[in-house]
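Reproduced below: query_12.cif, with mmCIF, C-alpha atoms.
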```
data_final
#
loop_
_atom_site.label_atom_id
_atom_site.label_comp_id
_atom_site.auth_asym_id
_atom_site.auth_seq_id
_atom_site.Cartn_x
_atom_site.Cartn_y
_atom_site.Cartn_z
CA MET A 1 -53.53 27.28 23.21
CA VAL A 2 -53.00 25.21 20.05
CA ILE A 3 -50.55 27.85 18.78
CA VAL A 4 -48.52 27.70 22.03
CA LYS A 5 -48.26 23.90 21.82
CA ARG A 6 -47.14 24.09 18.19
CA ASN A 7 -44.48 26.74 19.04
CA SER A 8 -43.26 24.63 21.98
CA LEU A 9 -43.10 21.54 19.77
CA LEU A 10 -41.24 23.50 17.08
CA ARG A 11 -38.73 24.86 19.63
CA PHE A 12 -38.25 21.39 21.13
CA THR A 13 -37.64 19.87 17.67
CA LEU A 14 -35.16 22.60 16.69
CA LEU A 15 -33.31 22.34 20.01
CA THR A 16 -33.10 18.55 19.79
CA GLY A 17 -31.90 18.70 16.17
CA SER A 18 -29.26 21.29 17.08
CA LEU A 19 -27.97 19.18 19.96
CA ILE A 20 -27.74 16.10 17.75
CA ALA A 21 -25.87 18.10 15.09
CA LEU A 22 -23.44 19.51 17.68
CA ALA A 23 -22.81 16.08 19.16
CA GLY A 24 -21.96 14.78 15.70
CA CYS A 25 -19.54 17.66 15.09
CA SER A 26 -17.76 17.19 18.40
CA GLN A 27 -16.66 13.63 17.60
CA SER A 28 -13.21 13.42 16.12
CA ARG A 29 -13.19 12.10 12.56
CA ARG A 30 -9.40 11.71 12.47
CA SER A 31 -7.98 8.29 11.73
CA PRO A 32 -6.31 6.61 14.67
CA MET A 33 -2.54 6.23 14.59
CA LEU A 34 -1.67 2.92 12.97
CA ALA A 35 1.08 0.61 14.18
CA THR A 36 4.01 0.44 11.76
CA PHE A 37 6.05 -2.73 11.25
CA PRO A 38 9.27 -3.51 9.35
CA ILE A 39 9.16 -5.60 6.19
CA GLY A 40 9.29 -9.34 6.97
CA THR A 41 7.20 -9.07 10.15
CA GLN A 42 3.97 -11.02 10.53
CA VAL A 43 1.16 -8.42 10.90
CA THR A 44 -2.35 -9.29 12.11
CA THR A 45 -5.40 -7.29 11.05
CA ALA A 46 -7.82 -10.00 12.20
CA PRO A 47 -8.94 -12.12 10.57
CA LEU A 48 -6.17 -11.56 8.01
CA VAL A 49 -2.50 -12.13 8.81
CA TYR A 50 -0.01 -10.58 6.36
CA THR A 51 3.74 -11.00 5.89
CA ILE A 52 5.42 -8.71 3.38
CA VAL A 53 8.28 -10.76 1.98
CA ASP A 54 9.89 -8.36 -0.49
CA ALA A 55 9.37 -5.29 -2.66
CA ASN A 56 11.12 -4.78 -5.99
CA TRP A 57 11.18 -1.93 -8.50
CA GLU A 58 10.66 -2.61 -12.18
CA ALA A 59 11.01 -0.21 -15.13
CA GLU A 60 8.75 -2.46 -17.24
CA LEU A 61 6.96 -5.80 -17.08
CA GLY A 62 7.10 -8.42 -19.80
CA THR A 63 3.77 -9.55 -21.26
CA PRO A 64 2.88 -11.72 -24.27
CA ASP A 65 1.84 -8.50 -26.06
CA GLY A 66 5.18 -6.77 -25.40
CA PRO A 67 6.51 -4.69 -22.53
CA ARG A 68 4.07 -3.11 -20.09
CA LEU A 69 5.32 0.36 -19.18
CA PRO A 70 4.39 2.24 -16.00
CA LYS A 71 3.32 5.84 -15.71
CA ASN A 72 5.95 6.22 -12.94
CA ARG A 73 7.68 3.02 -11.83
CA PHE A 74 6.33 -0.43 -10.95
CA MET A 75 6.71 -1.70 -7.40
CA VAL A 76 6.05 -5.44 -7.14
CA VAL A 77 5.31 -6.51 -3.56
CA THR A 78 5.57 -10.19 -2.62
CA LEU A 79 3.45 -11.19 0.37
CA THR A 80 1.65 -14.01 2.14
CA VAL A 81 -1.88 -13.69 3.50
CA THR A 82 -3.59 -16.09 5.90
CA ASN A 83 -7.26 -16.11 6.87
CA SER A 84 -7.14 -16.86 10.60
CA GLY A 85 -10.91 -16.47 10.99
CA GLY A 86 -13.66 -19.07 11.14
CA GLY A 87 -15.38 -17.97 7.92
CA GLU A 88 -14.53 -16.79 4.44
CA ALA A 89 -12.70 -13.46 4.26
CA GLY A 90 -12.11 -11.09 1.38
CA VAL A 91 -8.62 -9.67 0.97
CA PRO A 92 -9.06 -5.99 0.06
CA LEU A 93 -6.99 -4.03 -2.44
CA LEU A 94 -4.06 -2.53 -0.55
CA SER A 95 -2.53 0.93 -0.81
CA LEU A 96 0.81 2.69 -0.44
CA VAL A 97 1.21 5.95 1.48
CA ASP A 98 4.14 8.28 0.74
CA SER A 99 5.87 10.67 3.16
CA LYS A 100 3.47 13.49 2.21
CA GLY A 101 0.37 11.39 2.93
CA ASN A 102 -0.51 10.73 -0.73
CA THR A 103 -2.22 7.37 -1.24
CA TYR A 104 -1.65 5.07 -4.21
CA MET A 105 -4.03 2.15 -4.75
CA GLU A 106 -2.91 -1.27 -5.88
CA GLU A 107 -3.14 -1.86 -9.64
CA GLN A 108 -6.25 -3.76 -10.72
CA LYS A 109 -4.51 -5.61 -13.57
CA GLY A 110 -1.60 -7.98 -13.05
CA ASP A 111 -0.34 -8.31 -16.64
CA GLY A 112 3.36 -9.15 -16.43
CA VAL A 113 3.33 -10.10 -12.72
CA THR A 114 4.34 -13.76 -12.48
CA GLN A 115 2.55 -14.60 -9.19
CA TRP A 116 -0.26 -12.03 -9.20
CA LEU A 117 -2.72 -12.55 -6.32
CA GLY A 118 -5.60 -11.39 -8.47
CA PHE A 119 -8.23 -8.70 -8.20
CA LEU A 120 -11.04 -10.52 -6.35
CA ARG A 121 -9.51 -12.43 -3.45
CA VAL A 122 -11.69 -14.55 -1.19
CA MET A 123 -10.04 -16.93 1.25
CA LYS A 124 -11.45 -19.91 3.11
CA PRO A 125 -10.78 -20.34 6.85
CA ALA A 126 -7.14 -21.28 7.60
CA GLU A 127 -6.17 -20.75 3.94
CA THR A 128 -2.78 -19.17 3.16
CA ASP A 129 -1.90 -17.64 -0.18
CA GLN A 130 1.42 -16.23 -1.40
CA GLY A 131 1.76 -14.00 -4.40
CA GLN A 132 2.45 -10.53 -5.68
CA ILE A 133 0.60 -7.25 -5.93
CA LEU A 134 1.50 -4.31 -8.15
CA PHE A 135 1.72 -0.53 -7.74
CA ASP A 136 2.60 2.21 -10.23
CA VAL A 137 4.29 4.91 -8.11
CA PRO A 138 7.18 7.38 -8.22
CA PRO A 139 10.40 5.84 -6.78
CA GLY A 140 10.71 6.46 -3.05
CA ALA A 141 10.03 5.10 0.42
CA TYR A 142 6.45 4.11 1.27
CA LYS A 143 4.25 2.55 3.91
CA LEU A 144 2.03 -0.30 2.74
CA ARG A 145 -1.39 -0.02 4.37
CA LEU A 146 -2.73 -3.44 5.31
CA SER A 147 -6.43 -3.85 6.04
CA SER A 148 -8.82 -6.45 7.42
CA GLY A 149 -11.36 -5.29 4.82
CA GLY A 150 -15.09 -5.40 5.40
CA ASP A 151 -17.09 -2.84 7.35
CA PRO A 152 -15.18 0.48 7.65
CA GLU A 153 -16.45 0.91 11.23
CA GLN A 154 -14.88 -2.43 12.21
CA GLU A 155 -11.77 -2.27 10.01
CA LYS A 156 -8.41 -3.11 11.52
CA ALA A 157 -5.36 -1.71 9.75
CA ALA A 158 -1.58 -1.50 10.09
CA LEU A 159 1.38 -0.16 8.11
CA VAL A 160 4.55 -1.82 6.84
CA ASP A 161 7.64 0.27 6.02
CA ILE A 162 8.86 -0.24 2.47
CA PRO A 163 12.21 1.57 2.31
CA PHE A 164 13.57 2.80 -1.01
CA MET A 165 16.67 0.90 -2.06
CA ALA A 166 18.08 2.23 -5.30
CA GLU A 167 20.48 -0.72 -5.57
CA LYS A 168 17.44 -3.01 -6.03
CA ASP A 169 16.34 -0.95 -9.04
CA PRO A 170 18.93 -1.20 -11.83
CA SER A 171 17.25 1.58 -13.79
CA VAL A 172 17.81 4.16 -11.04
CA ALA A 173 21.27 5.59 -11.55
CA THR A 174 23.45 5.47 -8.46
CA PRO A 175 26.49 7.76 -8.54
CA GLN A 176 29.70 5.72 -8.81
CA PRO A 177 33.14 6.96 -7.76
CA ALA A 178 35.43 7.86 -10.61
CA ALA A 179 37.81 5.09 -11.63
CA PRO A 180 41.43 5.74 -10.77
CA PRO A 181 43.63 6.44 -13.79
CA GLY A 182 45.07 3.26 -15.27
CA PRO A 183 48.71 2.62 -16.02
CA ALA A 184 50.19 4.77 -18.71
CA THR A 185 50.50 3.11 -22.06
CA PRO A 186 54.18 2.52 -22.71
CA ALA A 187 55.67 4.24 -25.68
CA PRO A 188 56.46 1.93 -28.54
CA THR A 189 60.06 0.84 -28.59
CA LYS A 190 62.15 0.42 -31.68
CA LEU A 191 63.66 -2.93 -32.29
CA LYS A 192 67.26 -2.93 -33.45
#
```
Rewritten as C-alpha cells:
Amino acid sequence: MVIVKRNSLLRFTLLTGSLIALAGCSQSRRSPMLATFPIGTQVTTAPLVYTIVDANWEAELGTPDGPRLPKNRFMVVTLTVTNSGGGEAGVPLLSLVDSKGNTYMEEQKGDGVTQWLGFLRVMKPAETDQGQILFDVPPGAYKLRLSSGGDPEQEKAALVDIPFMAEKDPSVATPQPAAPPGPATPAPTKLK
C-alpha cells in the first residue's frame, strides 16, 4: 500500500511538472510590436518623455588628447528627456536598430561630445534634461529604441525613425553631376 501511494505521488508530481513546463512553452516570448514615431515627435514611455531633436554623423570627434576615431561612424543624437513621474527615474542607455534587426548600444564614453548626457542618468520628478548621446555604427537608416527603463516585465518602449541623410555627413561622398565644359580659351592674338 505504501508503494502504491509513492507511485501515485510520483505520477502526480511528474504530471504536474509536465503541465507547468508545457504552459510555460505555450506562452509567446516574442516582443510586442512597438509604435514608431518620426524624429521631432514627443514620445512617452512613462514616466520618461523623450523628444529626439536631431541626429548628425561625424567622422571623428575632437578631444583634448586629439581626434577620437570611430570603428564605423559616429552618430550624435540630440534629445530632451523629461521625468513625468512622481519619483526619481533612471534614464537607461538607448540603442539603435538597423533594417536587419541588429542592435547597437549607446557608447558609454562621451569624449568629444559637447553636451553628453552622461552614463548614469537619474532624474528628479518633473526634471527635464537636454543633451547628446553617441553611437558608433555603420552609416545608414536606424530606429532609436526608447525605453522607460526599470523592470523588464513593466518596461514601456517605442521607436523613433532616424533616416540616413548623406548630405548631413560631409565625409560621405555624394555623386555630383559633371560640370558643363567652360568657355574655350581664346587663342592669343598678335598685336601689330
Set out as a Markdown table a contact list for segment 66-180 of chain A and segment 44-56 of chain A with a cut-off of 6 Å, giving each residue of segment 66-180 of chain A that qualifies its closest atom pair and distance in Å to one decimal, counting only C-alpha atoms, ordered by chain and rising residue number.
```
| residue | atom | partner | partner_atom | distance |
| --- | --- | --- | --- | --- |
| A:Met75 | CA | A:Asn56 | CA | 5.6 |
| A:Val76 | CA | A:Asn56 | CA | 5.2 |
| A:Val77 | CA | A:Ala55 | CA | 4.3 |
| A:Thr78 | CA | A:Asp54 | CA | 5.2 |
| A:Leu79 | CA | A:Ile52 | CA | 4.4 |
| A:Thr80 | CA | A:Thr51 | CA | 5.2 |
| A:Val81 | CA | A:Tyr50 | CA | 4.6 |
| A:Thr82 | CA | A:Val49 | CA | 5.0 |
| A:Asn83 | CA | A:Leu48 | CA | 4.8 |
| A:Ser84 | CA | A:Pro47 | CA | 5.1 |
| A:Gly85 | CA | A:Pro47 | CA | 4.8 |
| A:Ser148 | CA | A:Thr45 | CA | 5.1 |
| A:Lys156 | CA | A:Thr45 | CA | 5.2 |
| A:Ala157 | CA | A:Thr45 | CA | 5.7 |
```
Exercise for review: Mind giving me the straight-line distance from atom CA of Phe119 of chain A to atom CA of Glu107 of chain A in Å, one decimal?
Suggested key: 8.6 Å
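Restricting the calculation to all atoms listed in the file, the smallest distance between Gly149 of chain A and any of A:Gly112, A:Gly118, A:Gly90, A:Pro38 is found for A:Gly90.
Of the residues listed (A:Trp57, A:Trp116, A:Phe74, A:Phe37), A:Phe37 shows the shortest atom-to-atom separation from Lys143 of chain A; distances use only C-alpha atoms.
Atom to atom, atom CA of Arg145 of chain A and atom CA of Val97 of chain A stand 7.1 Å apart.
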Practice item. Mind listing whatever residues come within 6 Å of the point (-11.9, -22.4, 6.9)? Use only C-alpha atoms, file coordinates, and give them as a PyMOL selection string. Key: chain A and resi 86-87+124-126
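Restricting the calculation to all atoms listed in the file, the smallest distance between Leu134 of chain A and any of A:Glu88, A:Asp65, A:Asp98, A:Glu60 is found for A:Glu60.
Rounded to one decimal, atom CA of Ala35 of chain A and atom CA of Met165 of chain A lie 22.5 Å from each other.
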Check your understanding: When distances are computed from only C-alpha atoms, which of A:Asp151, A:Glu58, A:Asp129, A:Asp136 shows the smallest separation from Glu106 of chain A?
Key -> A:Asp136
